[in-house]
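Asks: Pasting coords_36.txt below, which is compact mmCIF, C-alpha atoms and all ligand atoms.
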# COMPACT_ATOMS: atom_id res chain seq x y z
CA MET A 1 -18.77 10.38 16.69
CA GLU A 2 -17.07 8.26 19.29
CA TYR A 3 -18.50 9.91 22.40
CA SER A 4 -21.71 11.78 23.17
CA LEU A 5 -20.09 13.43 26.14
CA GLN A 6 -16.56 14.00 27.32
CA ALA A 7 -15.67 15.67 30.59
CA ASP A 8 -12.01 16.31 31.34
CA GLN A 9 -10.57 17.19 34.73
CA LEU A 10 -13.89 18.73 35.68
CA THR A 11 -13.60 20.60 38.98
CA LYS A 12 -15.98 22.80 40.95
CA LEU A 13 -14.88 24.63 44.09
CA TYR A 14 -17.49 26.28 46.26
CA ASN A 15 -16.40 29.23 48.42
CA GLY A 16 -12.92 28.93 46.97
CA HIS A 17 -11.94 25.75 48.80
CA LEU A 18 -14.55 23.00 49.08
CA SER A 19 -14.21 20.75 46.01
CA ALA A 20 -17.73 19.53 45.35
CA VAL A 21 -16.41 17.99 42.12
CA ASP A 22 -12.72 17.17 42.05
CA ASP A 23 -10.90 16.42 38.80
CA ILE A 24 -13.50 14.15 37.19
CA THR A 25 -12.79 12.71 33.73
CA LEU A 26 -15.63 10.78 32.06
CA ARG A 27 -16.59 9.46 28.63
CA VAL A 28 -20.13 8.52 27.61
CA ARG A 29 -20.83 6.66 24.36
CA PRO A 30 -23.92 7.27 22.20
CA GLY A 31 -26.95 5.41 23.53
CA GLU A 32 -25.23 4.54 26.79
CA PHE A 33 -26.90 4.74 30.19
CA LEU A 34 -24.28 5.91 32.69
CA THR A 35 -25.04 6.22 36.40
CA LEU A 36 -23.22 8.46 38.86
CA LEU A 37 -23.47 6.58 42.15
CA GLY A 38 -22.20 7.78 45.50
CA PRO A 39 -23.17 8.79 49.03
CA SER A 40 -25.11 11.94 49.88
CA GLY A 41 -23.07 15.13 49.54
CA GLY A 42 -20.56 13.44 47.25
CA GLY A 43 -20.96 15.86 44.34
CA LYS A 44 -23.32 13.99 41.99
CA THR A 45 -25.85 16.82 41.56
CA THR A 46 -23.04 19.34 41.15
CA ALA A 47 -21.51 17.19 38.40
CA LEU A 48 -24.87 17.00 36.61
CA ARG A 49 -25.44 20.76 36.97
CA LEU A 50 -22.02 21.40 35.45
CA LEU A 51 -22.87 19.18 32.48
CA ALA A 52 -26.25 20.89 32.03
CA GLY A 53 -24.71 24.37 32.23
CA PHE A 54 -26.40 25.51 35.46
CA GLU A 55 -22.94 25.89 37.04
CA THR A 56 -19.64 27.06 35.59
CA PRO A 57 -16.67 24.77 36.19
CA THR A 58 -13.74 26.13 38.22
CA ARG A 59 -11.48 24.07 35.97
CA GLY A 60 -11.83 21.51 33.23
CA ARG A 61 -13.57 20.99 29.95
CA ILE A 62 -16.94 19.61 28.77
CA GLN A 63 -17.61 18.48 25.23
CA ILE A 64 -21.04 17.36 24.00
CA GLY A 65 -20.80 15.57 20.66
CA ASP A 66 -18.24 17.62 18.76
CA ARG A 67 -19.00 20.93 20.54
CA ILE A 68 -16.99 22.27 23.45
CA VAL A 69 -19.62 23.69 25.83
CA ALA A 70 -17.35 24.66 28.71
CA ASP A 71 -13.64 25.29 29.15
CA ASP A 72 -11.37 28.27 29.97
CA SER A 73 -12.66 30.27 27.03
CA HIS A 74 -16.13 28.85 26.22
CA PHE A 75 -19.39 28.73 28.10
CA VAL A 76 -22.53 27.60 26.30
CA PRO A 77 -25.70 28.35 28.36
CA PRO A 78 -28.07 25.49 29.32
CA GLU A 79 -30.74 26.24 26.69
CA LYS A 80 -28.14 25.92 23.91
CA ARG A 81 -26.54 22.65 25.07
CA ARG A 82 -29.19 20.30 23.68
CA VAL A 83 -29.38 18.62 27.06
CA GLY A 84 -32.62 17.53 28.73
CA MET A 85 -32.97 17.36 32.48
CA VAL A 86 -35.35 15.44 34.76
CA PHE A 87 -35.36 16.49 38.40
CA GLN A 88 -36.12 14.65 41.62
CA ASP A 89 -39.28 16.69 42.27
CA PHE A 90 -40.47 16.45 38.59
CA ALA A 91 -40.74 20.29 38.46
CA LEU A 92 -43.82 20.31 36.21
CA PHE A 93 -45.49 23.66 35.57
CA PRO A 94 -48.51 23.43 37.91
CA HIS A 95 -50.89 25.68 35.96
CA VAL A 96 -50.29 24.09 32.56
CA ASP A 97 -51.87 20.84 31.37
CA VAL A 98 -49.88 17.74 30.41
CA ALA A 99 -49.69 18.63 26.69
CA GLY A 100 -48.59 22.19 27.56
CA ASN A 101 -45.87 20.89 29.85
CA ILE A 102 -44.50 18.61 27.14
CA ALA A 103 -44.67 21.33 24.46
CA PHE A 104 -42.79 23.80 26.65
CA GLY A 105 -39.36 23.54 25.03
CA LEU A 106 -40.59 22.98 21.47
CA ARG A 107 -40.08 25.29 18.48
CA GLY A 108 -41.74 25.16 15.07
CA SER A 109 -45.33 25.33 13.83
CA GLN A 110 -48.33 24.56 16.05
CA LYS A 111 -48.99 21.51 13.92
CA ASP A 112 -45.46 20.12 14.28
CA GLN A 113 -45.55 20.76 18.01
CA ALA A 114 -48.88 19.01 18.38
CA ARG A 115 -47.57 16.02 16.47
CA ARG A 116 -44.46 15.82 18.64
CA VAL A 117 -46.53 16.05 21.84
CA GLU A 118 -48.80 13.28 20.61
CA ARG A 119 -45.80 11.09 19.82
CA LEU A 120 -44.30 11.60 23.28
CA LEU A 121 -47.61 11.04 25.07
CA SER A 122 -47.90 7.72 23.32
CA LEU A 123 -44.26 6.87 24.11
CA VAL A 124 -44.83 7.37 27.85
CA GLY A 125 -48.26 5.72 27.74
CA LEU A 126 -50.28 8.85 28.59
CA SER A 127 -52.21 9.51 25.37
CA GLN A 128 -55.48 9.80 27.31
CA PHE A 129 -54.06 12.40 29.71
CA ALA A 130 -53.12 15.32 27.44
CA GLU A 131 -55.62 17.70 29.03
CA ARG A 132 -55.12 16.72 32.65
CA MET A 133 -53.44 19.13 35.05
CA PRO A 134 -50.35 17.91 36.96
CA TYR A 135 -52.29 17.77 40.28
CA GLU A 136 -54.73 15.33 38.66
CA LEU A 137 -51.95 12.79 38.06
CA SER A 138 -50.33 10.14 40.25
CA GLY A 139 -46.64 10.44 41.14
CA GLY A 140 -45.65 7.89 38.52
CA GLN A 141 -47.68 9.66 35.82
CA GLN A 142 -46.14 13.01 36.74
CA GLN A 143 -42.70 11.46 36.44
CA ARG A 144 -43.53 10.17 32.96
CA VAL A 145 -44.71 13.66 31.93
CA ALA A 146 -41.41 15.09 33.22
CA LEU A 147 -39.56 12.51 31.12
CA ALA A 148 -41.66 13.31 28.03
CA ARG A 149 -41.02 17.03 28.51
CA ALA A 150 -37.26 16.48 28.75
CA LEU A 151 -37.25 14.23 25.65
CA ALA A 152 -39.55 16.44 23.54
CA PRO A 153 -36.87 18.72 22.01
CA ASN A 154 -34.86 15.59 21.12
CA PRO A 155 -31.84 16.35 23.32
CA ASP A 156 -28.40 14.87 22.61
CA ILE A 157 -28.14 13.82 26.25
CA LEU A 158 -30.67 13.34 29.00
CA LEU A 159 -29.62 14.05 32.60
CA LEU A 160 -31.71 12.55 35.39
CA ASP A 161 -31.14 13.56 39.02
CA GLU A 162 -32.64 10.96 41.40
CA PRO A 163 -35.82 10.89 39.32
CA PHE A 164 -37.44 8.02 41.22
CA SER A 165 -36.81 9.02 44.82
CA ASN A 166 -40.23 10.61 45.35
CA LEU A 167 -42.06 7.45 44.33
CA ASP A 168 -43.00 4.63 46.70
CA THR A 169 -41.12 1.34 46.36
CA HIS A 170 -43.60 -0.47 44.17
CA LEU A 171 -44.21 2.38 41.76
CA ARG A 172 -40.52 3.14 41.69
CA GLU A 173 -39.65 -0.27 40.29
CA GLN A 174 -42.30 0.02 37.63
CA VAL A 175 -41.45 3.58 36.61
CA ARG A 176 -37.75 2.83 36.37
CA THR A 177 -38.40 -0.18 34.15
CA ASP A 178 -40.62 2.06 31.96
CA VAL A 179 -37.99 4.80 31.81
CA ARG A 180 -35.26 2.33 30.88
CA ARG A 181 -37.47 0.93 28.08
CA ILE A 182 -38.30 4.42 26.75
CA LEU A 183 -34.62 5.43 26.73
CA LEU A 184 -33.72 2.23 24.87
CA GLU A 185 -36.54 2.74 22.36
CA THR A 186 -35.45 6.30 21.65
CA ASP A 187 -31.74 5.38 21.73
CA THR A 188 -31.15 8.21 24.19
CA THR A 189 -27.77 8.79 25.84
CA ALA A 190 -28.46 9.31 29.52
CA ILE A 191 -26.61 10.18 32.70
CA PHE A 192 -28.48 9.24 35.78
CA VAL A 193 -27.73 10.15 39.40
CA THR A 194 -28.63 8.01 42.39
CA HIS A 195 -27.36 7.03 45.80
CA ASP A 196 -29.28 3.74 45.59
CA GLN A 197 -26.90 0.93 44.62
CA GLN A 198 -29.69 -1.51 43.67
CA GLU A 199 -31.13 1.01 41.26
CA ALA A 200 -27.70 1.70 39.76
CA LEU A 201 -26.81 -1.99 39.38
CA SER A 202 -30.13 -2.92 37.80
CA LEU A 203 -30.42 -0.07 35.27
CA SER A 204 -26.97 1.00 34.12
CA ASP A 205 -24.70 0.11 31.25
CA GLU A 206 -21.84 1.67 33.24
CA ILE A 207 -21.56 3.04 36.75
CA ALA A 208 -19.22 5.82 37.89
CA ILE A 209 -18.57 5.73 41.64
CA ILE A 210 -18.10 9.17 43.18
CA PHE A 211 -16.87 9.68 46.76
CA ASP A 212 -16.08 13.17 48.08
CA GLY A 213 -16.18 14.70 44.61
CA LYS A 214 -13.67 12.19 43.24
CA LEU A 215 -14.22 9.51 40.63
CA ILE A 216 -13.15 6.21 42.20
CA GLN A 217 -14.14 3.59 39.61
CA VAL A 218 -16.02 3.39 36.31
CA ALA A 219 -17.20 -0.09 35.36
CA THR A 220 -20.12 -2.19 34.22
CA PRO A 221 -22.47 -3.24 37.06
CA HIS A 222 -21.11 -6.77 36.85
CA VAL A 223 -17.46 -5.76 37.20
CA LEU A 224 -18.22 -3.17 39.86
CA TYR A 225 -20.06 -5.69 42.01
CA ASN A 226 -17.57 -8.52 41.60
CA ARG A 227 -14.33 -6.58 41.39
CA PRO A 228 -14.63 -3.28 43.26
CA VAL A 229 -11.25 -1.47 43.29
CA ASN A 230 -11.18 -0.96 47.05
CA THR A 231 -12.97 -2.05 50.21
CA GLN A 232 -14.98 1.19 50.41
CA VAL A 233 -16.52 0.60 46.98
CA ALA A 234 -17.07 -3.08 47.83
CA ARG A 235 -19.14 -2.08 50.87
CA PHE A 236 -21.01 0.63 49.02
CA VAL A 237 -22.32 -1.54 46.19
CA GLY A 238 -23.65 -4.46 48.22
CA ASP A 239 -23.35 -6.68 51.27
CA ALA A 240 -19.70 -7.62 51.68
CA ASN A 241 -17.97 -9.91 54.19
CA PHE A 242 -14.31 -9.25 54.94
CA LEU A 243 -12.11 -12.01 56.34
CA PRO A 244 -8.40 -11.72 57.15
CA ALA A 245 -6.33 -14.39 55.37
CA GLU A 246 -2.79 -15.39 54.40
CA ALA A 247 -2.41 -15.64 50.64
CA HIS A 248 -0.13 -18.04 48.73
CA GLY A 249 -0.61 -17.34 45.03
CA MET A 250 -4.05 -18.41 43.87
CA THR A 251 -5.19 -19.66 47.30
CA ALA A 252 -5.40 -18.26 50.81
CA ASP A 253 -5.81 -19.70 54.32
CA SER A 254 -8.70 -18.19 56.25
CA LEU A 255 -11.16 -18.88 59.06
CA ILE A 256 -13.35 -20.75 56.57
CA GLY A 257 -10.44 -22.90 55.39
CA GLU A 258 -8.39 -22.72 52.21
CA VAL A 259 -10.12 -20.62 49.57
CA LYS A 260 -9.47 -19.86 45.91
CA LEU A 261 -8.57 -16.31 44.85
CA PHE A 262 -9.49 -14.23 41.79
CA HIS A 263 -5.99 -12.75 41.48
CA PRO A 264 -2.67 -14.16 42.73
CA LYS A 265 -1.53 -12.61 46.03
CA THR A 266 1.00 -13.26 48.77
CA GLY A 267 1.04 -12.28 52.41
CA ARG A 268 -1.68 -10.71 54.55
CA VAL A 269 -4.89 -9.89 52.73
CA ASP A 270 -8.53 -9.21 53.45
CA LEU A 271 -10.88 -11.43 51.49
CA MET A 272 -14.07 -9.85 50.18
CA ILE A 273 -16.87 -12.38 50.02
CA ARG A 274 -20.36 -11.60 48.75
CA PRO A 275 -23.16 -13.35 50.68
CA GLU A 276 -24.21 -15.47 47.70
CA ALA A 277 -20.66 -16.82 47.34
CA LEU A 278 -21.03 -18.69 50.64
CA ALA A 279 -22.55 -22.16 50.53
CA VAL A 280 -24.60 -22.85 53.68
CA ASN A 281 -25.68 -26.39 54.45
CA PHE A 282 -27.06 -28.35 57.38
CA GLU A 283 -24.24 -30.82 57.07
CA GLY A 284 -21.18 -31.25 54.91
CA GLN A 285 -17.64 -30.05 54.72
CA GLY A 286 -16.85 -26.53 55.67
CA LYS A 287 -16.60 -24.63 58.91
CA THR A 288 -19.25 -24.87 61.57
CA ALA A 289 -21.35 -21.78 62.16
CA THR A 290 -24.48 -20.82 64.06
CA VAL A 291 -27.42 -18.95 62.53
CA LEU A 292 -27.81 -15.64 64.40
CA TRP A 293 -30.71 -14.24 62.39
CA ARG A 294 -32.63 -14.77 59.22
CA GLU A 295 -34.49 -12.42 56.89
CA PHE A 296 -36.94 -13.94 54.44
CA TYR A 297 -37.37 -12.29 51.02
CA GLY A 298 -39.63 -14.77 49.23
CA HIS A 299 -37.12 -15.87 46.62
CA TYR A 300 -34.11 -16.00 48.98
CA GLN A 301 -33.11 -15.83 52.64
CA ARG A 302 -30.50 -13.51 54.09
CA LEU A 303 -28.67 -15.13 57.00
CA GLY A 304 -26.45 -13.79 59.78
CA LEU A 305 -23.92 -16.46 60.79
CA ALA A 306 -21.33 -16.68 63.58
CA LEU A 307 -18.19 -18.81 63.22
CA ALA A 308 -16.78 -20.60 66.29
CA ASP A 309 -14.52 -17.64 67.21
CA GLY A 310 -17.44 -15.19 66.99
CA THR A 311 -16.64 -13.78 63.51
CA GLU A 312 -19.91 -12.83 61.84
CA LEU A 313 -20.75 -13.40 58.18
CA ILE A 314 -23.74 -12.51 56.04
CA ALA A 315 -24.87 -15.29 53.71
CA ARG A 316 -27.63 -15.74 51.19
CA ALA A 317 -29.44 -19.01 50.63
CA GLY A 318 -32.20 -20.24 48.35
CA VAL A 319 -35.60 -21.18 49.72
CA ASP A 320 -35.33 -24.93 49.18
CA ARG A 321 -34.32 -25.25 52.85
CA TYR A 322 -35.39 -23.12 55.79
CA PHE A 323 -32.90 -21.94 58.35
CA LYS A 324 -33.78 -20.54 61.74
CA ARG A 325 -32.03 -18.77 64.56
CA GLY A 326 -29.83 -21.19 66.55
CA ASP A 327 -29.39 -23.77 63.75
CA ASN A 328 -25.92 -25.25 63.39
CA VAL A 329 -24.74 -25.15 59.80
CA SER A 330 -21.62 -25.65 57.75
CA VAL A 331 -20.28 -22.81 55.63
CA SER A 332 -17.81 -22.88 52.76
CA LEU A 333 -16.86 -20.71 49.81
CA ALA A 334 -18.47 -21.60 46.48
CA LEU A 335 -16.67 -18.99 44.32
CA PRO A 336 -13.17 -17.50 44.25
CA ALA A 337 -12.68 -14.55 46.62
CA LEU A 338 -11.32 -11.12 45.84
CA ALA A 339 -8.27 -10.31 47.99
CA TYR A 340 -7.42 -6.76 49.06
CA ASP A 341 -4.04 -5.72 50.33
CA ALA A 342 -4.48 -5.64 54.12
CA VAL A 343 -2.79 -2.22 54.40
CA SER A 344 -3.86 -0.24 51.31
CA HIS A 345 -7.34 -1.85 50.97
CA GLN A 346 -6.81 -1.86 47.19
CA VAL A 347 -7.05 -4.84 44.87
CA LEU A 348 -3.90 -4.19 42.89
CA SER A 349 -0.85 -3.37 44.96
N1 LIG B 1 -24.36 26.19 45.84
C1 LIG B 1 -23.53 25.61 46.72
N2 LIG B 1 -22.72 26.35 47.51
C2 LIG B 1 -21.86 25.78 48.38
N3 LIG B 1 -21.72 24.44 48.53
C3 LIG B 1 -22.50 23.66 47.77
C4 LIG B 1 -23.45 24.18 46.83
N4 LIG B 1 -24.07 23.13 46.22
C5 LIG B 1 -23.55 22.01 46.76
N5 LIG B 1 -22.60 22.30 47.69
C6 LIG B 1 -21.81 21.34 48.45
O1 LIG B 1 -21.12 20.51 47.52
C7 LIG B 1 -21.07 19.16 47.97
C8 LIG B 1 -21.69 18.25 46.93
O2 LIG B 1 -23.08 18.50 46.84
P1 LIG B 1 -24.05 17.76 45.80
O3 LIG B 1 -25.39 18.35 45.94
O4 LIG B 1 -23.40 17.78 44.48
O5 LIG B 1 -24.04 16.27 46.38
P2 LIG B 1 -24.90 14.99 45.94
O6 LIG B 1 -23.91 13.91 45.67
O7 LIG B 1 -25.83 15.35 44.85
O8 LIG B 1 -25.69 14.64 47.27
P3 LIG B 1 -27.20 14.02 47.47
O9 LIG B 1 -27.08 12.54 47.22
O10 LIG B 1 -27.48 14.33 48.91
O11 LIG B 1 -28.12 14.72 46.52
C9 LIG B 1 -21.79 19.14 49.32
O12 LIG B 1 -20.82 19.21 50.33
C10 LIG B 1 -22.64 20.39 49.27
O13 LIG B 1 -22.87 20.87 50.57
MG MG B 2 -27.94 15.39 44.73
Rewrite the structure of this file - the entire thing - as structure tokens.
Replies:
Amino acid sequence: MEYSLQADQLTKLYNGHLSAVDDITLRVRPGEFLTLLGPSGGGKTTALRLLAGFETPTRGRIQIGDRIVADDSHFVPPEKRRVGMVFQDFALFPHVDVAGNIAFGLRGSQKDQARRVERLLSLVGLSQFAERMPYELSGGQQQRVALARALAPNPDILLLDEPFSNLDTHLREQVRTDVRRILLETDTTAIFVTHDQQEALSLSDEIAIIFDGKLIQVATPHVLYNRPVNTQVARFVGDANFLPAEAHGMTADSLIGEVKLFHPKTGRVDLMIRPEALAVNFEGQGKTATVLWREFYGHYQRLGLALADGTELIARAGVDRYFKRGDNVSVSLALPALAYDAVSHQVLS
């Protein structure tokens, strides 16, 4: 089986006109962790609900493994799709203990169910908590129970809708590392929804960017970050500096001098430069700039710089030297820049 999930031209109109999901075509391979990333209201939850079977598509087709679960003439209900779902608010049954929550979707003999619950409790590291009630657990523990419950019936695909957003920052990082490990261990195919670009970049095998219901780019985190298809995606997935420049093939003239390009271009372009691609030094070649502000993050510093004409840039520097507001520095480009057409804002045009 080549794909665990295939969605073709998936569309959902609400009230007959608003396209919450607009002509989305996606492929997910077995064992892959795909993230739907996009701003609030973009259609991510709607897309997930369509895949799970909680909504019927206005148009399009969904295939899970080799079964068509939705198209013009088929509609398989959620409980028959072999899809597990983890929600933002965990949605545990409050009056049932941990073991009961995990056993909820299980069939078969009592003994088989008990064995499966035991296996999942150990997988999520909660073997000692089988008899606790949900209100006796921390947020992170509740989230692990929700994950165990969704995995218990051995679904073909796991769908996770912002599952970490109710956890505080510290716990969030730990729980998402745990979840990623558990999904790898169980070789689970998963589609994960978030509007947090850091979370998407750190966890995913592939990321699908969704703006206004439309799929804009599907790529690995590395490609998405370094080669976003347009300026809007570039801004959405990280800090991005844009500098106007005049391109001549593999180089361009800009306010920070002649720079190398990723792709050949001619004429007016906007360079996209990630903060870590700028080399900032106290002296050396490069253009003179002034430090406007500095944020310290322990293992790196984020710097706001102003060039002589007032153009502002965001840079990132290691912590071997300390910069402070008002310092004069030199700035140059350490890596090739991506050039966008100045009119279309696209890479390839
Ligand atoms: N049941 C509904 N009826 C009408 N409009 C809806 C319904 N559900 C969602 N929408 C609209 O569809 C669009 C997409 O909503 P959706 O919840 O899918 O976005 P999202 O990307 O998950 O956003 P968030 O990041 O805020 O969770 C929004 O404009 C929303 O208002
Ligand atoms: Mg949502």
Asks: Atom MG of ligand MG 2 (chain B) to atom CA of Asp187 of chain A: how many Å, to one decimal?
Replies: 25.4 Å
Asks: So, with all atoms listed in the file as the atoms that count, which of A:His299, A:His345, A:Arg149, A:Arg59 lies closest to Leu271 of chain A?
Replies: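 Among the listed residues, the smallest separation from Leu271 of chain A belongs to A:His345.
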Asks: Could you please determine the separation between atom CA of Val269 of chain A and atom CA of Asp309 of chain A in Å, to one decimal place?
Replies: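 Atom-to-atom, atom CA of Val269 of chain A to atom CA of Asp309 of chain A, that is 19.0 Å.
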Asks: Neighbours of ligand LIG 1 (chain B) at 8 Å or closer, counting only C-alpha atoms and all ligand atoms: which residues, as a VMD selection string?
Replies: chain A and resid 14 to 15 18 to 21 38 to 47 162 193 to 195 210 212 to 213
Asks: Which of these, A:Phe236, A:Phe33, A:Phe192, A:Tyr3, has the shortest distance to ligand MG 2 (chain B) once you count only C-alpha atoms and all ligand atoms?
Replies: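 Looking only at the distances to ligand MG 2 (chain B), the closest residue turns out to be A:Phe192.
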Asks: Identify which of the residues A:Leu201, A:Leu126, A:Leu121, A:Leu160 lies closest to ligand MG 2 (chain B), counting all atoms listed in the file when measuring atom-to-atom distances.
Replies: A:Leu160
Asks: Skipping near chain neighbours, those fewer than 6 positions away, what residues fall within 10 Å of Arg172 of chain A using all atoms listed in the file, listed as a PDB file with C-alpha atoms, in the frame of the given file?
Replies:
ATOM      1  CA  GLY A 139     -46.640  10.440  41.140  1.00  0.00           C
ATOM      2  CA  GLY A 140     -45.650   7.890  38.520  1.00  0.00           C
ATOM      3  CA  PRO A 163     -35.820  10.890  39.320  1.00  0.00           C
ATOM      4  CA  PHE A 164     -37.440   8.020  41.220  1.00  0.00           C
ATOM      5  CA  SER A 165     -36.810   9.020  44.820  1.00  0.00           C
ATOM      6  CA  ASN A 166     -40.230  10.610  45.350  1.00  0.00           C
ATOM      7  CA  ASP A 178     -40.620   2.060  31.960  1.00  0.00           C
ATOM      8  CA  GLU A 199     -31.130   1.010  41.260  1.00  0.00           C
TER       9      GLU A 199
END
Asks: Report as a VMD selection string all protein, DNA and RNA residues lying within 10 Å of Val86 of chain A, evaluated on all atoms listed in the file, omitting residues in the same chain fewer than 6 positions from it.
Replies: chain A and resid 92 143 to 151 158 to 163 192
